[in-house]
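Student: Could you have a look at this structure, given as structure tokens, before my questions?
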Amino acid sequence: MAGILAAALAGPATGAENFKLAITGPFTGGSAPMGSSMRDGAKLAVAEINTQGGLDVGGKKLVIEVIERDDEAKNERGALIAQELASTDGLSAVIGSVNTGVVLAGDKFLQEKKIVKIITPAAG
């Protein structure tokens, strides 16, 4: 995860004390087991990093702030969430979703803002 976060840090600078990371996926509905597993694993890694003081960026520690959004495995919902996240001040990266259609529906909004997007293997 550290390498992925380092790539995200090369993106838009925020000047903030926090590193904003969004986690999106189906946390309810039929695909919830995949989405919840992905979210819980990411949050476990974030907790470990934050317990150690956060990300070390140029000698400065940044605490990772997690933003969660349930896309319900619906393409339309994924597009709306991506639009919202693309307009979130200081957002550095997005992890998710687990459904290909959901990822494709909202990808353009994040690309326009040069926000790093990390998708799981299930999202082809």
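If you're wondering about the labels, chains in the structure tokens are A, B, ... by order shown, residues count from 1 in each chain, ligands from 1 in order shown.
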As a PDB file with N, CA and C atoms, in the first residue's frame, please: the residues near Gly106 in chain A (cut-off 6 Å, only C-alpha atoms, same-chain neighbours under 3 positions excluded).
Tutor:
```
ATOM      1  N   GLY A  78     -22.140   4.785  -9.075  1.00  0.00           N
ATOM      2  CA  GLY A  78     -20.689   4.935  -9.190  1.00  0.00           C
ATOM      3  C   GLY A  78     -20.298   6.229  -9.875  1.00  0.00           C
ATOM      4  N   ALA A  79     -21.039   6.606 -10.918  1.00  0.00           N
ATOM      5  CA  ALA A  79     -20.760   7.857 -11.627  1.00  0.00           C
ATOM      6  C   ALA A  79     -21.006   9.060 -10.723  1.00  0.00           C
ATOM      7  N   ALA A  82     -18.202   9.249  -8.145  1.00  0.00           N
ATOM      8  CA  ALA A  82     -16.963   9.740  -8.764  1.00  0.00           C
ATOM      9  C   ALA A  82     -17.018  11.249  -8.978  1.00  0.00           C
ATOM     10  N   VAL A 103     -16.718   1.160 -12.222  1.00  0.00           N
ATOM     11  CA  VAL A 103     -15.444   1.858 -12.423  1.00  0.00           C
ATOM     12  C   VAL A 103     -15.485   2.677 -13.709  1.00  0.00           C
ATOM     13  N   PHE A 109     -14.341  11.338 -14.513  1.00  0.00           N
ATOM     14  CA  PHE A 109     -14.361  12.460 -13.574  1.00  0.00           C
ATOM     15  C   PHE A 109     -13.075  12.516 -12.753  1.00  0.00           C
TER      16      PHE A 109
END
```
Student: If we count only C-alpha atoms and set the cut-off at 10 Å, which residues sit around range 23-27 of chain A, ignoring sequence neighbours fewer than 2 positions away in its own chain? Please answer as a PyMOL selection string.
Tutor: chain A and resi 21+29-40+42-43+66-74+78+81-82+85+93-99+102-103+117-120
Student: Go through range 12-103 of chain A and collect every residue that DSSP, computed from the backbone, puts in alpha helix (DSSP H); the answer should be as a PyMOL selection string.
Tutor: chain A and resi 32-51+75-86+100-103
Student: Using only C-alpha atoms, which residue out of A:Leu104, A:Glu84, A:Glu17, A:Asp89 lies closest to Val57 in chain A?
Tutor: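 The shortest atom-to-atom distance to Val57 in chain A comes from A:Glu17.
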Student: Tell me which of A:Gly41, A:Gly54, A:Gly59, A:Gly101 sits closest to Phe19 in chain A, counting only C-alpha atoms.
Tutor: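 Selected residue with least distance to Phe19 in chain A: A:Gly54.
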Student: Identify which of the residues A:Lys20, A:Glu76, A:Ala45, A:Thr28 lies closest to Val63 in chain A, counting only C-alpha atoms when measuring atom-to-atom distances.
Tutor: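 Smallest distance to Val63 in chain A is found for A:Lys20.
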Student: Check chain A with DSSP on the backbone and list each residue it calls strand (DSSP E or B), as an mmCIF file with C-alpha atoms, in the first residue's frame.
Tutor:
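Wrote it out as states.cif, contents follow:
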```cif
data_model
loop_
_atom_site.group_PDB
_atom_site.id
_atom_site.type_symbol
_atom_site.label_atom_id
_atom_site.label_comp_id
_atom_site.auth_asym_id
_atom_site.auth_seq_id
_atom_site.Cartn_x
_atom_site.Cartn_y
_atom_site.Cartn_z
ATOM 1 C CA ASN A 18 -4.047 14.829 6.088
ATOM 2 C CA PHE A 19 -3.902 12.500 3.103
ATOM 3 C CA LYS A 20 -7.472 12.071 1.856
ATOM 4 C CA LEU A 21 -8.196 8.589 0.549
ATOM 5 C CA ALA A 22 -11.620 7.519 -0.712
ATOM 6 C CA ILE A 23 -12.719 3.897 -0.620
ATOM 7 C CA THR A 24 -15.644 3.044 -2.876
ATOM 8 C CA GLY A 25 -17.394 -0.230 -3.463
ATOM 9 C CA LEU A 55 2.656 8.664 5.958
ATOM 10 C CA ASP A 56 6.179 10.075 6.028
ATOM 11 C CA VAL A 57 6.326 12.574 3.181
ATOM 12 C CA LYS A 60 6.405 15.371 7.476
ATOM 13 C CA LYS A 61 3.787 12.940 8.806
ATOM 14 C CA LEU A 62 0.391 12.905 7.090
ATOM 15 C CA VAL A 63 -2.499 11.116 8.767
ATOM 16 C CA ILE A 64 -4.655 9.206 6.287
ATOM 17 C CA GLU A 65 -8.279 10.349 6.316
ATOM 18 C CA VAL A 66 -10.674 7.788 4.821
ATOM 19 C CA ILE A 67 -13.836 8.743 2.944
ATOM 20 C CA GLU A 68 -16.193 5.787 2.319
ATOM 21 C CA ARG A 69 -18.887 5.621 -0.348
ATOM 22 C CA ASP A 70 -21.232 2.696 -1.082
ATOM 23 C CA LEU A 91 -8.554 14.169 -2.353
ATOM 24 C CA SER A 92 -5.369 12.310 -3.296
ATOM 25 C CA ALA A 93 -6.543 8.824 -4.273
ATOM 26 C CA VAL A 94 -9.494 6.470 -4.646
ATOM 27 C CA ILE A 95 -9.492 2.720 -3.993
ATOM 28 C CA VAL A 116 -5.063 8.349 -8.671
ATOM 29 C CA LYS A 117 -7.508 5.433 -8.936
ATOM 30 C CA ILE A 118 -6.627 1.980 -7.654
#
```
Student: For CA of Asp107 in chain A and CA of Asn50 in chain A, quote the distance in Å rounded to one decimal.
Tutor: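 It comes out at 28.0 Å.
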